[in-house]
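Below is one structure, written out as structure tokens, with a few remarks after it.
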Amino acid sequence: MKIDKTSPVGVFDSGVGGLTVAREIMRNLPSEKIVYFGDTARVPYGSKSKDTIIRYSRQICHFLKEQGVKAIVIACNTASAFALDAVKENSEIPVLGVIESGARVAAKETVNKKVGVIGTVGTISSGIHAEYLRRLNPEITVIGKACPLFVPLVEEGWLHDPVTVEVATRYLKELKQKEIDTLILGCTHYPLIRSTIREVMGEKVRLVNPAYETALELKELLQKMDLLNTEEKQEDFPYRFYVSDLADEFKDFANSILPYDVEMTKKIDIEKY
Ligand code: DGL
């Protein structure tokens with residue numbers, strides 16, 4: 001399939017969480033078309049092994065390439081941590097993850113050189129943020145904390161709820177005690193409870209949202225490769241959504257957080273890829 005500036009960008013995640021990244025791409029690159037895939041049949045990724053996540057990510061990239069995408073954004077932090085290198089290998093189109101851009105901003109923002117990272121068990125145990133951050137500045141101390149209950153709380157819609165505040169208070173206690181001044185929201189769902197995290201961490205801690213930073217990085221990359229869509233007018237249906245299960249539930253969640261009305265979500269058999 002011929003790829004040019006008007007080809008869509010592929011975005012994928014284990015489910016609905018990556019919509020926080022798609023949302024930033026819609027806001028910051030309004031001329032770009034998007035093909036989104038949410039692996040709703042195999043979510044969560046955060047508690048699965050590296051080998052499994054690499055296999056899933058390869059299948060999804062295969063599917064997205066078949067849709068004629070010009071670049072792929074791995075919106076899922078766990079998949080970025082485990083599978084970015086594997087899917088980049090031999091890829092004829094650029095593939096971006098969400099870890100590096102968040103780490104870069106955190107390294108720039110921290111003053112006391114104490115950076116916290118929160119994410120799934122997989123992302124935190126991979127130690128990938130610490131790896132990037134120390135490469136950028138060896139003086140930085142990185143304190144990671146897995147917060148597995150945040151994902152179900154967000155999916156339950158308990159974004160501003162006393163239970164979520166209580167869970168956040170317990171998870172974030174150690175990061176507060178260690179006096180971090182910068183916190184990376186290293187999971188797709190966490191920007192949706194940003195205000196709760198802000199309430200618990202206090203005003204002084206800088207919260208880094210990798211979804212926003214990744215959208216800016218994508219823009220730069222497309223510009224550099226002369227692949228940025230410069231067309232003024234968007235098509236009638238610029239965003240296509242695919243899932244591996246529960247298409248209607250996905251659509252409902254998408255409509256609750258996107259600045260765009262999702263009319264159709266299509267279920268596909270990802271195991272075929
Ligand atoms: N999308 C995942 C991430 O950002 C969170 C949900 C999951 O565990 O699949 O790591």
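The way I read the labels, and the way they are meant: chains A, B, ... in the order of the structure tokens, residue 1 as the first residue of every chain, and ligand 1 as the first ligand shown, with later ones counted on from there.
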Spatial neighbours of Leu258 in chain A, 12 Å, only C-alpha atoms, chain gap at least 2 places, as a list in words: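 Contacts, with the query itself left out: Val16, Gly17, Gly18, Leu19, Thr20, Val21, Ala22, Arg23, Glu24, Ile25, Met26, Arg27, Leu192, Tyr239, Phe250, Lys251, Asp252, Phe253, Ala254, Asn255, Ser256, Tyr260, Asp261, Val262 and Glu263 of chain A.
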Would you output that residue set with N, CA and C atoms, as a short mmCIF file (atom, residue, chain, number, x, y, z; two decimals), in the first residue's frame?
```
data_model
loop_
_atom_site.label_atom_id
_atom_site.label_comp_id
_atom_site.auth_asym_id
_atom_site.auth_seq_id
_atom_site.Cartn_x
_atom_site.Cartn_y
_atom_site.Cartn_z
N VAL A 16 -8.85 0.55 26.29
CA VAL A 16 -9.34 1.93 26.17
C VAL A 16 -8.32 3.00 26.58
N GLY A 17 -7.34 2.61 27.40
CA GLY A 17 -6.43 3.60 27.99
C GLY A 17 -5.70 4.45 26.96
N GLY A 18 -5.33 3.83 25.86
CA GLY A 18 -4.57 4.54 24.82
C GLY A 18 -5.35 5.67 24.17
N LEU A 19 -6.65 5.73 24.48
CA LEU A 19 -7.45 6.85 23.96
C LEU A 19 -6.95 8.17 24.53
N THR A 20 -6.27 8.13 25.69
CA THR A 20 -5.70 9.37 26.24
C THR A 20 -4.59 9.88 25.31
N VAL A 21 -3.92 8.95 24.64
CA VAL A 21 -2.87 9.34 23.69
C VAL A 21 -3.51 9.78 22.37
N ALA A 22 -4.51 9.01 21.92
CA ALA A 22 -5.22 9.38 20.68
C ALA A 22 -5.82 10.78 20.83
N ARG A 23 -6.35 11.06 22.02
CA ARG A 23 -6.96 12.36 22.29
C ARG A 23 -5.95 13.50 22.13
N GLU A 24 -4.72 13.29 22.60
CA GLU A 24 -3.69 14.32 22.45
C GLU A 24 -3.28 14.48 20.99
N ILE A 25 -3.29 13.38 20.25
CA ILE A 25 -2.94 13.47 18.82
C ILE A 25 -4.05 14.26 18.10
N MET A 26 -5.31 13.96 18.46
CA MET A 26 -6.44 14.69 17.85
C MET A 26 -6.33 16.20 18.13
N ARG A 27 -5.95 16.54 19.37
CA ARG A 27 -5.87 17.95 19.75
C ARG A 27 -4.68 18.67 19.11
N LEU A 192 -6.31 10.36 33.43
CA LEU A 192 -7.73 10.53 33.73
C LEU A 192 -8.00 10.73 35.23
N TYR A 239 -11.27 9.16 11.96
CA TYR A 239 -10.79 8.24 13.00
C TYR A 239 -11.52 6.91 12.91
N PHE A 250 -16.43 -0.44 24.40
CA PHE A 250 -15.31 0.42 24.01
C PHE A 250 -15.84 1.77 23.52
N LYS A 251 -16.85 1.69 22.68
CA LYS A 251 -17.41 2.92 22.10
C LYS A 251 -17.95 3.84 23.20
N ASP A 252 -18.62 3.26 24.19
CA ASP A 252 -19.17 4.08 25.28
C ASP A 252 -18.06 4.80 26.05
N PHE A 253 -16.99 4.05 26.35
CA PHE A 253 -15.89 4.66 27.09
C PHE A 253 -15.24 5.76 26.23
N ALA A 254 -15.04 5.43 24.95
CA ALA A 254 -14.40 6.40 24.04
C ALA A 254 -15.21 7.69 23.99
N ASN A 255 -16.52 7.55 23.92
CA ASN A 255 -17.37 8.75 23.84
C ASN A 255 -17.36 9.55 25.13
N SER A 256 -16.97 8.90 26.24
CA SER A 256 -16.94 9.65 27.49
C SER A 256 -15.66 10.48 27.63
N TYR A 260 -14.74 13.95 20.33
CA TYR A 260 -15.16 13.54 19.00
C TYR A 260 -16.17 12.42 19.19
N ASP A 261 -17.20 12.40 18.38
CA ASP A 261 -18.23 11.39 18.57
C ASP A 261 -17.87 10.10 17.82
N VAL A 262 -17.61 9.05 18.57
CA VAL A 262 -17.25 7.77 17.94
C VAL A 262 -18.54 7.07 17.56
N GLU A 263 -18.71 6.88 16.25
CA GLU A 263 -19.97 6.26 15.82
C GLU A 263 -19.87 4.76 15.67
#
```
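Every residue having at least one atom no farther than 6 Å from ligand 1 is included below, with only C-alpha atoms and all ligand atoms taken into account: A:Asp13, A:Ser14, A:Gly17, A:Val43, A:Pro44, A:Tyr45, A:Gly46, A:Cys76, A:Asn77, A:Thr78, A:Thr120, A:Cys187, A:Thr188.
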Create the file for the chosen residues now, containing C-alpha atoms and written as a tab-separated table (two decimals), in the first residue's frame.
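Writing the result to selection.tsv gives the following:
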```tsv
chain	number	residue	atom	x	y	z
A	13	ASP	CA	-3.14	-0.05	23.33
A	14	SER	CA	-4.29	-3.00	25.43
A	17	GLY	CA	-6.43	3.60	27.99
A	43	VAL	CA	-6.35	-6.66	28.34
A	44	PRO	CA	-4.63	-6.18	30.82
A	45	TYR	CA	-1.07	-6.13	29.51
A	46	GLY	CA	0.34	-4.85	32.80
A	76	CYS	CA	0.42	1.49	25.96
A	77	ASN	CA	3.23	2.04	28.48
A	78	THR	CA	3.62	-1.68	29.19
A	120	THR	CA	1.64	-1.15	35.86
A	187	CYS	CA	0.25	4.35	32.41
A	188	THR	CA	-2.36	5.26	29.83
```
Atomic distance CA of Lys224 in chain A - CA of Val35 in chain A, expressed in Å with one decimal: 21.4 Å
All strand (DSSP E) residues (DSSP, backbone) inside range 44-267 of chain A, as a count of residues only: 34
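Residues surrounding Arg194 in chain A within 9 Å are Leu159, Leu185, Glu199, Leu207 and Asn209 of chain A [only C-alpha atoms; sequence separation below 5 positions excluded].
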Which of A:Asp4, A:Glu220, A:Glu235, A:Glu131 sits closest to Ile93 in chain A [using only C-alpha atoms]: A:Asp4
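Residues lying within 9 Å of Lys204 in chain A, counting only C-alpha atoms and ignoring same-chain neighbours fewer than 3 positions away, are A:Asp181, A:Thr182, A:Met201.
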Residue subset to file, keeping N, CA, C and O atoms, as an mmCIF file, in the first residue's frame:
```cif
data_model
loop_
_atom_site.group_PDB
_atom_site.id
_atom_site.type_symbol
_atom_site.label_atom_id
_atom_site.label_comp_id
_atom_site.auth_asym_id
_atom_site.auth_seq_id
_atom_site.Cartn_x
_atom_site.Cartn_y
_atom_site.Cartn_z
ATOM 1 N N ASP A 181 10.241 15.590 43.113
ATOM 2 C CA ASP A 181 9.643 16.862 42.676
ATOM 3 C C ASP A 181 8.977 16.720 41.304
ATOM 4 O O ASP A 181 8.356 17.656 40.803
ATOM 5 N N THR A 182 9.110 15.518 40.692
ATOM 6 C CA THR A 182 8.536 15.280 39.363
ATOM 7 C C THR A 182 7.976 13.860 39.345
ATOM 8 O O THR A 182 8.624 12.939 39.843
ATOM 9 N N MET A 201 -0.471 14.420 45.806
ATOM 10 C CA MET A 201 0.957 14.778 45.737
ATOM 11 C C MET A 201 1.219 16.237 46.091
ATOM 12 O O MET A 201 2.333 16.598 46.433
#
```
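Comparing A:Pro30, A:Gly68, A:Gly38, A:Pro238 by their smallest distance to Ile3 in chain A, the closest is A:Gly68 (using only C-alpha atoms).
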Long-range neighbours of range 168-171 of chain A as a PyMOL selection string, 7 Å cut-off, only C-alpha atoms, 2 positions minimum in chain: chain A and resi 147+164-166+173+197+200
